[in-house]
file run-v2.txt (compact mmCIF, C-alpha atoms and all ligand atoms)
# COMPACT_ATOMS: atom_id res chain seq x y z
CA ASP N 1034 2.75 -29.21 -18.97
CA TRP N 1035 2.30 -26.04 -16.98
CA THR N 1036 -0.43 -26.15 -14.40
CA ALA N 1037 -0.28 -24.69 -10.93
CA ALA N 1038 -0.95 -28.18 -9.53
CA ASN N 1039 2.08 -29.64 -11.37
CA ILE N 1040 4.31 -26.83 -10.18
CA VAL N 1041 3.21 -27.42 -6.60
CA GLU N 1042 3.88 -31.16 -6.86
CA GLU N 1043 7.32 -30.79 -8.45
CA THR N 1044 8.40 -28.02 -6.11
CA VAL N 1045 7.29 -29.91 -3.00
CA GLU N 1046 9.36 -32.91 -4.17
CA ALA N 1047 12.39 -30.71 -4.76
CA ILE N 1048 12.10 -29.09 -1.32
CA ARG N 1049 11.87 -32.50 0.37
CA ALA N 1050 14.95 -33.64 -1.50
CA GLN N 1051 16.90 -30.54 -0.51
CA VAL N 1052 15.91 -30.34 3.16
CA GLY N 1053 16.04 -34.09 3.79
CA PRO N 1054 14.02 -36.15 6.28
CA SER N 1055 14.95 -34.19 9.41
CA GLY N 1056 16.16 -30.73 8.29
CA ARG N 1057 14.60 -27.61 9.77
CA ALA N 1058 13.87 -24.31 8.05
CA ILE N 1059 12.80 -20.78 8.88
CA CYS N 1060 11.09 -18.21 6.69
CA GLY N 1061 10.51 -14.50 7.22
CA LEU N 1062 6.99 -13.38 6.31
CA SER N 1063 6.42 -9.81 5.15
CA GLY N 1064 2.69 -9.96 4.52
CA GLY N 1065 3.42 -9.94 0.79
CA VAL N 1066 2.62 -12.63 -1.74
CA ASP N 1067 6.14 -13.97 -2.44
CA SER N 1068 7.16 -14.87 1.09
CA ALA N 1069 3.67 -16.26 1.77
CA VAL N 1070 3.69 -18.60 -1.24
CA ALA N 1071 7.29 -19.69 -0.59
CA ALA N 1072 6.40 -20.49 3.02
CA ALA N 1073 3.22 -22.35 2.05
CA LEU N 1074 5.16 -24.56 -0.39
CA VAL N 1075 7.80 -25.41 2.21
CA GLN N 1076 5.10 -26.05 4.81
CA ARG N 1077 3.44 -28.48 2.41
CA ALA N 1078 6.78 -30.22 1.92
CA ILE N 1079 8.11 -30.47 5.49
CA GLY N 1080 5.20 -29.50 7.77
CA ASP N 1081 6.13 -28.24 11.20
CA ARG N 1082 9.84 -28.51 10.55
CA LEU N 1083 9.28 -25.04 9.10
CA THR N 1084 8.90 -22.05 11.43
CA CYS N 1085 7.82 -18.68 10.02
CA VAL N 1086 8.92 -15.39 11.58
CA PHE N 1087 6.82 -12.26 11.19
CA VAL N 1088 8.30 -8.97 12.37
CA ASP N 1089 5.54 -6.49 13.22
CA HIS N 1090 7.32 -3.14 12.97
CA GLY N 1091 4.15 -1.15 13.62
CA LEU N 1092 4.30 0.39 10.14
CA LEU N 1093 1.78 -1.94 8.55
CA ARG N 1094 -1.66 -1.12 7.19
CA GLU N 1095 -4.93 -1.91 8.90
CA GLY N 1096 -5.62 -5.64 9.00
CA GLU N 1097 -2.24 -6.80 7.72
CA ARG N 1098 -1.04 -8.43 10.91
CA GLY N 1099 -4.33 -10.29 11.14
CA GLN N 1100 -3.99 -11.48 7.56
CA VAL N 1101 -0.72 -13.15 8.48
CA GLU N 1102 -1.50 -14.35 12.00
CA ARG N 1103 -5.04 -15.49 11.39
CA ASP N 1104 -5.76 -16.01 7.67
CA PHE N 1105 -2.36 -17.31 6.56
CA VAL N 1106 -2.02 -19.60 9.55
CA ALA N 1107 -5.58 -20.88 9.08
CA ALA N 1108 -4.92 -21.62 5.39
CA THR N 1109 -1.57 -23.36 5.87
CA GLY N 1110 -1.32 -24.54 9.48
CA VAL N 1111 2.14 -23.02 9.57
CA ASP N 1112 4.09 -22.63 12.83
CA LEU N 1113 4.41 -18.85 13.32
CA VAL N 1114 6.47 -16.65 15.61
CA THR N 1115 5.53 -12.96 15.69
CA VAL N 1116 8.11 -10.45 16.88
CA ASP N 1117 6.44 -7.41 18.46
CA ALA N 1118 8.89 -4.72 17.49
CA GLU N 1119 6.68 -1.64 17.20
CA GLU N 1120 8.10 0.06 20.26
CA VAL N 1121 11.70 -0.31 19.11
CA PHE N 1122 10.95 0.94 15.59
CA LEU N 1123 9.02 3.99 16.83
CA ARG N 1124 11.75 4.84 19.27
CA GLU N 1125 14.46 4.61 16.60
CA LEU N 1126 12.37 6.61 14.13
CA ALA N 1127 11.39 9.42 16.49
CA ASP N 1128 12.25 12.84 15.00
CA VAL N 1129 13.66 11.32 11.78
CA VAL N 1130 12.43 13.22 8.71
CA ASP N 1131 14.85 12.25 5.93
CA PRO N 1132 13.45 9.41 3.74
CA GLU N 1133 16.72 7.55 3.26
CA GLU N 1134 17.47 7.84 6.95
CA LYS N 1135 14.07 6.26 7.68
CA ARG N 1136 14.84 3.42 5.27
CA LYS N 1137 18.25 2.83 6.81
CA ILE N 1138 16.85 2.64 10.34
CA ILE N 1139 13.99 0.38 9.33
CA GLY N 1140 16.31 -1.95 7.39
CA ARG N 1141 18.72 -2.17 10.30
CA GLU N 1142 16.04 -2.79 12.95
CA PHE N 1143 14.32 -5.33 10.71
CA ILE N 1144 17.49 -7.39 10.44
CA ARG N 1145 18.03 -7.12 14.19
CA SER N 1146 14.53 -8.36 14.98
CA PHE N 1147 14.61 -11.17 12.44
CA GLU N 1148 18.10 -12.18 13.49
CA GLY N 1149 17.06 -12.33 17.15
CA ALA N 1150 14.22 -14.71 16.38
CA ALA N 1151 16.33 -16.74 13.94
CA ARG N 1152 19.12 -17.09 16.51
CA ASP N 1153 16.70 -18.31 19.18
CA LEU N 1154 15.30 -20.92 16.82
CA ALA N 1155 18.71 -21.97 15.50
CA GLU N 1156 20.07 -22.44 19.01
CA GLY N 1157 16.98 -24.20 20.28
CA GLU N 1158 16.23 -26.53 17.39
CA GLY N 1159 19.16 -26.41 15.00
CA VAL N 1160 17.81 -24.67 11.92
CA ASP N 1161 19.80 -25.29 8.72
CA PHE N 1162 17.70 -23.70 6.00
CA LEU N 1163 16.41 -20.22 5.26
CA VAL N 1164 13.45 -19.94 2.88
CA GLN N 1165 13.34 -16.97 0.52
CA GLY N 1166 10.73 -15.85 -1.98
CA THR N 1167 13.22 -15.03 -4.74
CA LEU N 1168 11.48 -14.84 -8.13
CA TYR N 1169 12.90 -15.56 -11.57
CA PRO N 1170 13.29 -11.85 -12.44
CA ASP N 1171 15.35 -11.39 -9.23
CA VAL N 1172 17.56 -14.34 -10.22
CA VAL N 1173 18.21 -12.85 -13.67
CA GLU N 1174 18.85 -9.41 -12.20
CA SER N 1175 21.46 -10.66 -9.77
CA GLY N 1176 23.36 -12.77 -12.33
CA GLY N 1177 21.81 -16.11 -11.47
CA GLY N 1178 24.22 -17.14 -8.73
CA THR N 1179 23.19 -19.02 -5.63
CA GLY N 1180 25.03 -18.33 -2.42
CA ALA N 1181 24.89 -18.19 1.31
CA ALA N 1182 22.10 -16.32 3.01
CA ASN N 1183 22.39 -12.85 1.63
CA ILE N 1184 19.02 -11.34 1.15
CA LYS N 1185 18.68 -8.55 -1.37
CA SER N 1186 18.28 -5.26 0.36
CA HIS N 1187 15.07 -4.43 -1.49
CA HIS N 1188 13.55 -7.40 0.25
CA ASN N 1189 14.17 -5.51 3.43
CA VAL N 1190 16.09 -8.17 5.30
CA GLY N 1191 19.63 -7.34 4.24
CA GLY N 1192 22.55 -9.60 5.04
CA LEU N 1193 22.67 -11.82 8.07
CA PRO N 1194 25.82 -12.00 10.19
CA ASP N 1195 28.51 -14.57 9.37
CA ASP N 1196 27.95 -16.73 12.43
CA LEU N 1197 24.33 -17.26 11.41
CA GLN N 1198 24.70 -19.36 8.27
CA PHE N 1199 21.87 -21.10 6.48
CA SER N 1200 21.50 -22.83 3.15
CA LEU N 1201 18.90 -21.12 1.02
CA VAL N 1202 15.66 -22.71 -0.09
CA GLU N 1203 14.20 -20.68 -2.96
CA PRO N 1204 11.10 -22.47 -4.24
CA LEU N 1205 9.99 -19.59 -6.51
CA ARG N 1206 13.26 -19.24 -8.44
CA ALA N 1207 11.74 -20.39 -11.73
CA LEU N 1208 8.50 -18.41 -11.47
CA PHE N 1209 7.15 -15.05 -12.56
CA LYS N 1210 4.81 -13.03 -10.37
CA ASP N 1211 1.56 -14.16 -12.04
CA GLU N 1212 2.69 -17.79 -11.71
CA VAL N 1213 3.40 -17.22 -8.02
CA ARG N 1214 -0.17 -15.95 -7.59
CA ALA N 1215 -1.54 -19.03 -9.40
CA VAL N 1216 0.50 -21.34 -7.16
CA GLY N 1217 -0.70 -19.42 -4.09
CA ALA N 1218 -4.31 -19.85 -5.15
CA GLU N 1219 -3.68 -23.57 -5.79
CA LEU N 1220 -2.34 -23.86 -2.23
CA GLY N 1221 -5.55 -22.31 -0.89
CA LEU N 1222 -4.08 -19.01 0.29
CA PRO N 1223 -6.60 -16.22 0.88
CA GLU N 1224 -7.32 -13.77 -1.93
CA SER N 1225 -6.23 -10.90 0.34
CA ILE N 1226 -2.68 -12.27 0.25
CA VAL N 1227 -2.52 -13.77 -3.25
CA GLN N 1228 -3.85 -10.65 -5.00
CA ARG N 1229 -2.23 -8.09 -2.72
CA GLN N 1230 -0.95 -4.97 -4.44
CA PRO N 1231 2.69 -3.98 -3.89
CA PHE N 1232 3.44 -2.33 -0.55
CA PRO N 1233 6.89 -1.03 0.37
CA GLY N 1234 8.94 -2.77 3.07
CA PRO N 1235 9.37 0.46 5.09
CA GLY N 1236 5.59 0.63 5.15
CA LEU N 1237 3.65 3.66 6.28
CA ALA N 1238 6.82 5.32 7.59
CA ILE N 1239 7.68 6.57 4.09
CA ARG N 1240 4.10 7.77 3.56
CA ILE N 1241 4.28 10.25 6.43
CA ILE N 1242 6.01 13.37 5.14
CA GLY N 1243 7.64 14.45 8.37
CA SER N 1244 8.58 12.42 11.42
CA VAL N 1245 6.80 9.18 12.35
CA SER N 1246 4.72 8.83 15.52
CA ALA N 1247 2.06 6.44 16.80
CA ASP N 1248 -0.66 9.12 16.41
CA ARG N 1249 0.33 9.96 12.86
CA LEU N 1250 0.47 6.28 11.96
CA ALA N 1251 -3.01 5.76 13.38
CA THR N 1252 -4.40 8.65 11.31
CA LEU N 1253 -2.73 7.49 8.10
CA ARG N 1254 -3.70 3.86 8.71
CA ARG N 1255 -7.38 4.83 8.92
CA ALA N 1256 -7.26 7.08 5.83
CA ASP N 1257 -5.46 4.36 3.87
CA ALA N 1258 -8.04 1.75 4.90
CA ILE N 1259 -10.90 4.01 3.75
CA ALA N 1260 -9.28 4.65 0.37
CA ARG N 1261 -8.65 0.93 -0.14
CA GLU N 1262 -12.21 0.02 0.85
CA GLU N 1263 -13.70 2.49 -1.62
CA LEU N 1264 -11.37 1.57 -4.49
CA THR N 1265 -12.15 -2.11 -3.93
CA ALA N 1266 -15.89 -1.41 -3.74
CA ALA N 1267 -15.63 0.48 -7.04
CA GLY N 1268 -14.04 -2.59 -8.67
CA LEU N 1269 -10.73 -0.85 -9.34
CA ASP N 1270 -8.28 -3.29 -7.72
CA ARG N 1271 -7.09 -4.72 -11.05
CA THR N 1272 -6.97 -1.32 -12.81
CA ILE N 1273 -4.85 0.20 -10.07
CA TRP N 1274 -1.32 -1.09 -9.54
CA GLN N 1275 -1.20 0.48 -6.08
CA CYS N 1276 -2.55 3.60 -4.41
CA PRO N 1277 -0.35 5.19 -1.76
CA VAL N 1278 -2.12 7.49 0.67
CA VAL N 1279 0.34 10.08 1.94
CA LEU N 1280 0.00 12.14 5.11
CA LEU N 1281 1.51 15.64 4.87
CA ALA N 1282 2.18 15.75 8.57
CA ASP N 1283 4.15 18.98 8.53
CA VAL N 1284 1.58 20.89 6.46
CA ARG N 1285 -1.57 22.45 7.91
CA SER N 1286 -4.39 24.20 6.13
CA VAL N 1287 -7.45 26.07 7.31
CA GLY N 1288 -10.82 24.43 6.93
CA VAL N 1289 -14.33 24.67 8.26
CA GLN N 1290 -16.39 21.84 9.71
CA GLY N 1291 -19.68 22.05 11.59
CA ASP N 1292 -19.59 25.58 12.97
CA GLY N 1293 -15.90 25.61 13.65
CA ARG N 1294 -12.67 26.50 11.97
CA THR N 1295 -10.23 23.61 11.62
CA TYR N 1296 -6.48 23.66 11.11
CA GLY N 1297 -5.66 20.13 10.05
CA HIS N 1298 -3.46 18.09 7.75
CA PRO N 1299 -3.93 17.12 4.09
CA VAL N 1300 -3.65 13.59 2.73
CA VAL N 1301 -2.67 12.86 -0.85
CA ILE N 1302 -4.33 10.07 -2.82
CA ARG N 1303 -1.89 8.60 -5.35
CA PRO N 1304 -3.57 5.95 -7.55
CA VAL N 1305 -1.25 4.66 -10.29
CA SER N 1306 -1.46 2.18 -13.13
CA SER N 1307 1.70 0.32 -14.10
CA GLU N 1308 3.16 -2.89 -15.53
CA ASP N 1309 6.29 -3.13 -13.42
CA ALA N 1310 6.57 0.04 -11.27
CA MET N 1311 9.42 1.33 -13.47
CA THR N 1312 7.01 3.72 -15.15
CA ALA N 1313 3.46 4.55 -14.11
CA ASP N 1314 0.52 6.66 -15.13
CA TRP N 1315 -1.93 8.27 -12.70
CA THR N 1316 -5.17 6.35 -12.76
CA ARG N 1317 -8.34 8.11 -13.90
CA VAL N 1318 -10.45 7.14 -10.89
CA PRO N 1319 -14.11 8.12 -11.39
CA TYR N 1320 -15.13 11.35 -9.66
CA GLU N 1321 -17.86 9.56 -7.68
CA THR N 1322 -15.28 7.26 -6.11
CA LEU N 1323 -12.95 10.16 -5.32
CA GLU N 1324 -15.87 11.99 -3.77
CA ARG N 1325 -16.67 9.04 -1.50
CA ILE N 1326 -13.03 8.73 -0.44
CA SER N 1327 -12.78 12.47 0.28
CA THR N 1328 -16.05 12.65 2.23
CA ARG N 1329 -15.31 9.60 4.32
CA ILE N 1330 -11.71 10.52 5.16
CA THR N 1331 -12.59 14.06 6.25
CA ASN N 1332 -15.55 12.77 8.27
CA GLU N 1333 -13.81 9.82 9.88
CA CYS N 1334 -10.27 11.12 10.44
CA ALA N 1335 -10.35 14.05 12.86
CA GLU N 1336 -6.87 15.29 11.98
CA ILE N 1337 -7.51 15.47 8.24
CA ASN N 1338 -9.46 18.36 6.72
CA ARG N 1339 -8.35 18.20 3.09
CA VAL N 1340 -7.92 15.41 0.49
CA VAL N 1341 -5.87 16.09 -2.64
CA LEU N 1342 -5.25 13.98 -5.75
CA ASP N 1343 -1.79 13.39 -7.23
CA VAL N 1344 -1.99 13.59 -11.06
CA THR N 1345 1.73 13.11 -11.78
CA SER N 1346 3.00 10.24 -13.91
CA LYS N 1347 6.29 8.39 -13.30
CA PRO N 1348 8.51 9.90 -14.56
CA PRO N 1349 8.77 12.62 -13.40
CA GLY N 1350 7.17 11.63 -10.08
CA THR N 1351 8.03 8.40 -8.31
CA ILE N 1352 5.12 6.27 -7.07
CA GLU N 1353 5.93 6.89 -3.41
CA TRP N 1354 6.43 10.42 -2.13
CA GLU N 1355 9.60 9.46 -0.28
P1 LIG Q 1401 8.94 4.38 -6.55
O1 LIG Q 1401 8.45 5.26 -5.44
O2 LIG Q 1401 10.43 4.30 -6.63
O3 LIG Q 1401 8.44 2.92 -6.20
O4 LIG Q 1401 8.33 4.74 -7.88
C1 LIG Q 1401 8.51 1.81 -7.08
C2 LIG Q 1401 7.94 0.59 -6.37
O5 LIG Q 1401 8.79 0.21 -5.29
C3 LIG Q 1401 8.10 0.31 -4.05
N1 LIG Q 1401 9.04 0.86 -3.08
C4 LIG Q 1401 9.68 0.13 -2.16
N2 LIG Q 1401 9.59 -1.18 -1.86
N3 LIG Q 1401 11.19 -0.88 -0.13
C5 LIG Q 1401 10.34 -1.67 -0.83
O6 LIG Q 1401 10.25 -2.86 -0.54
C6 LIG Q 1401 11.33 0.45 -0.37
O7 LIG Q 1401 12.11 1.16 0.29
C7 LIG Q 1401 10.53 0.98 -1.45
N4 LIG Q 1401 10.40 2.21 -1.99
C8 LIG Q 1401 9.48 2.13 -2.98
C9 LIG Q 1401 6.90 1.20 -4.33
O8 LIG Q 1401 5.82 0.95 -3.43
C10 LIG Q 1401 6.58 0.84 -5.75
O9 LIG Q 1401 5.83 -0.36 -5.82

call {"tool": "encode", "arguments": {"input": "run-v2.txt", "output": "structure tokens"}}
result
Amino acid sequence: DWTAANIVEETVEAIRAQVGPSGRAICGLSGGVDSAVAAALVQRAIGDRLTCVFVDHGLLREGERGQVERDFVAATGVDLVTVDAEEVFLRELADVVDPEEKRKIIGREFIRSFEGAARDLAEGEGVDFLVQGTLYPDVVESGGGTGAANIKSHHNVGGLPDDLQFSLVEPLRALFKDEVRAVGAELGLPESIVQRQPFPGPGLAIRIIGSVSADRLATLRRADAIAREELTAAGLDRTIWQCPVVLLADVRSVGVQGDGRTYGHPVVIRPVSSEDAMTADWTRVPYETLERISTRITNECAEINRVVLDVTSKPPGTIEWE
């Protein structure tokens, strides 16, 4: 019968059977729950014959790199390689304003970074397997076929080149999202990973309306962290599906602070409730919580002098602004 413990046991057996007694595997970690649980299962099955690769593109939220490098590694003992790619991503994104252009660049650079690390490992140690966190709904959506390593583009890895061929290990293929979370908890993964709300692969880059820079990222990262802290403190993590914080980097408005006039940027708070992200309603966050978020962001983020609330449902608005 269905318990998380049974699923873990059966899946670990199946992975061992597939990978064999000496096979090696790699797994890309995104910071999200699917890749983390997939990696933890494979780690349990084959130990340090698994290497995880984490590409830090510099577009992550506060604390996310630490959650992978420190908390995930502490919980699983996994062998981790981090690729420091922030400089490359910022250089390629400089002056780019168009949302789809941003996505294209990020997707391309992500593959390049992952591929570089994968190639090093494959050449050094002979890696035969690529672990992916494909869920049952993804399997149904794509017609159920298995194939060579061809990662769906919405997973932000895209296709790998022909000369870099792996067999796929997909330990979550029979599971729904809530089952993945239960398995993750059973494996002892931290709450911050298992219960993480959705976050887009292109990260904070598509939450800066305007071009992306290190300064703008730092401002948005702080504002986002404050909003998350206050929403969590108010007990709203389960009510809210996700809450983008959006920096209107090309808009300025006049404000007053202390005895001076300011001319800063607005941020938009976009809390939504949803079942599957296909449709969404704006979440009725209590005024007291909104007040705390607004006060703290304008006090703690020098560039921001105005906080506005997005009260648009999806449709007609999308969840993200780009
Ligand atoms: P929208 O904005 O289309 O978002 O209502 C629906 C869900 O998808 C996420 N999202 C993305 N996820 N790469 C991703 O991995 C992307 O380019 C991307 N764009 C949007 C969004 O956060 C929401 O959960």

call {"tool": "residues_near_ligand", "arguments": {"input": "run-v2.txt", "ligand": "ligand LIG 1401 (chain Q)", "cutoff": "6 Å", "atoms": "all atoms listed in the file", "output": "PyMOL selection string"}}
result
chain N and resi 1187-1188+1231-1235+1310+1351-1353

call {"tool": "axis_aligned_box", "arguments": {"input": "run-v2.txt", "around": "segment 1138-1152 of chain N", "padding_each_side": "8 Å", "output": "lines of an AutoDock Vina configuration file"}}
result
center_x = 16.6
center_y = -7.2
center_z = 12.3
size_x = 21.1
size_y = 35.7
size_z = 25.8

call {"tool": "residues_around", "arguments": {"input": "run-v2.txt", "residues": "segment 1312-1315 of chain N", "least_positions_apart": "6", "cutoff": "9 Å", "atoms": "only C-alpha atoms", "output": "list in words"}}
result
Ile1273, Trp1274, Arg1303, Pro1304, Val1305, Ser1306, Asp1343, Val1344, Thr1345, Ser1346, Lys1347, Pro1348, Gly1350, Thr1351 and Ile1352 of chain N

call {"tool": "residues_around", "arguments": {"input": "run-v2.txt", "residues": "Ile1048 of chain N", "least_positions_apart": "2", "cutoff": "9 Å", "atoms": "all atoms listed in the file", "output": "PyMOL selection string"}}
result
chain N and resi 1043-1046+1050-1053+1074-1075+1078-1079+1202-1204

call {"tool": "write_last_selection", "arguments": {"input": "run-v2.txt", "atoms": "C-alpha atoms", "output": "compact mmCIF listing (two decimals), in the coordinates of the input"}}
result
# COMPACT_ATOMS: atom_id res chain seq x y z
CA GLU N 1043 7.32 -30.79 -8.45
CA THR N 1044 8.40 -28.02 -6.11
CA VAL N 1045 7.29 -29.91 -3.00
CA GLU N 1046 9.36 -32.91 -4.17
CA ALA N 1050 14.95 -33.64 -1.50
CA GLN N 1051 16.90 -30.54 -0.51
CA VAL N 1052 15.91 -30.34 3.16
CA GLY N 1053 16.04 -34.09 3.79
CA LEU N 1074 5.16 -24.56 -0.39
CA VAL N 1075 7.80 -25.41 2.21
CA ALA N 1078 6.78 -30.22 1.92
CA ILE N 1079 8.11 -30.47 5.49
CA VAL N 1202 15.66 -22.71 -0.09
CA GLU N 1203 14.20 -20.68 -2.96
CA PRO N 1204 11.10 -22.47 -4.24

call {"tool": "residues_near_point", "arguments": {"input": "run-v2.txt", "point": "(8.6, -1.1, 15.8)", "cutoff": "7 Å", "atoms": "only C-alpha atoms", "output": "list in words"}}
result
Asp1089, His1090, Gly1091, Ala1118, Glu1119, Glu1120, Val1121, Phe1122 and Leu1123 of chain N

call {"tool": "write_last_selection", "arguments": {"input": "run-v2.txt", "atoms": "C-alpha atoms", "output": "PDB file, keeping the file's coordinate frame"}}
result
ATOM      1  CA  ASP N1089       5.540  -6.490  13.220  1.00  0.00           C
ATOM      2  CA  HIS N1090       7.320  -3.140  12.970  1.00  0.00           C
ATOM      3  CA  GLY N1091       4.150  -1.150  13.620  1.00  0.00           C
ATOM      4  CA  ALA N1118       8.890  -4.720  17.490  1.00  0.00           C
ATOM      5  CA  GLU N1119       6.680  -1.640  17.200  1.00  0.00           C
ATOM      6  CA  GLU N1120       8.100   0.060  20.260  1.00  0.00           C
ATOM      7  CA  VAL N1121      11.700  -0.310  19.110  1.00  0.00           C
ATOM      8  CA  PHE N1122      10.950   0.940  15.590  1.00  0.00           C
ATOM      9  CA  LEU N1123       9.020   3.990  16.830  1.00  0.00           C
TER      10      LEU N1123
END

call {"tool": "atom_distance", "arguments": {"input": "run-v2.txt", "atom1": "atom CA of Asp1196 of chain N", "atom2": "atom CA of Glu1125 of chain N"}}
result
25.6 Å

call {"tool": "atom_distance", "arguments": {"input": "run-v2.txt", "atom1": "atom CA of Leu1154 of chain N", "atom2": "atom CA of Asp1067 of chain N"}}
result
22.4 Å

call {"tool": "atom_distance", "arguments": {"input": "run-v2.txt", "atom1": "atom CA of Arg1152 of chain N", "atom2": "atom CA of Leu1126 of chain N"}}
result
24.8 Å
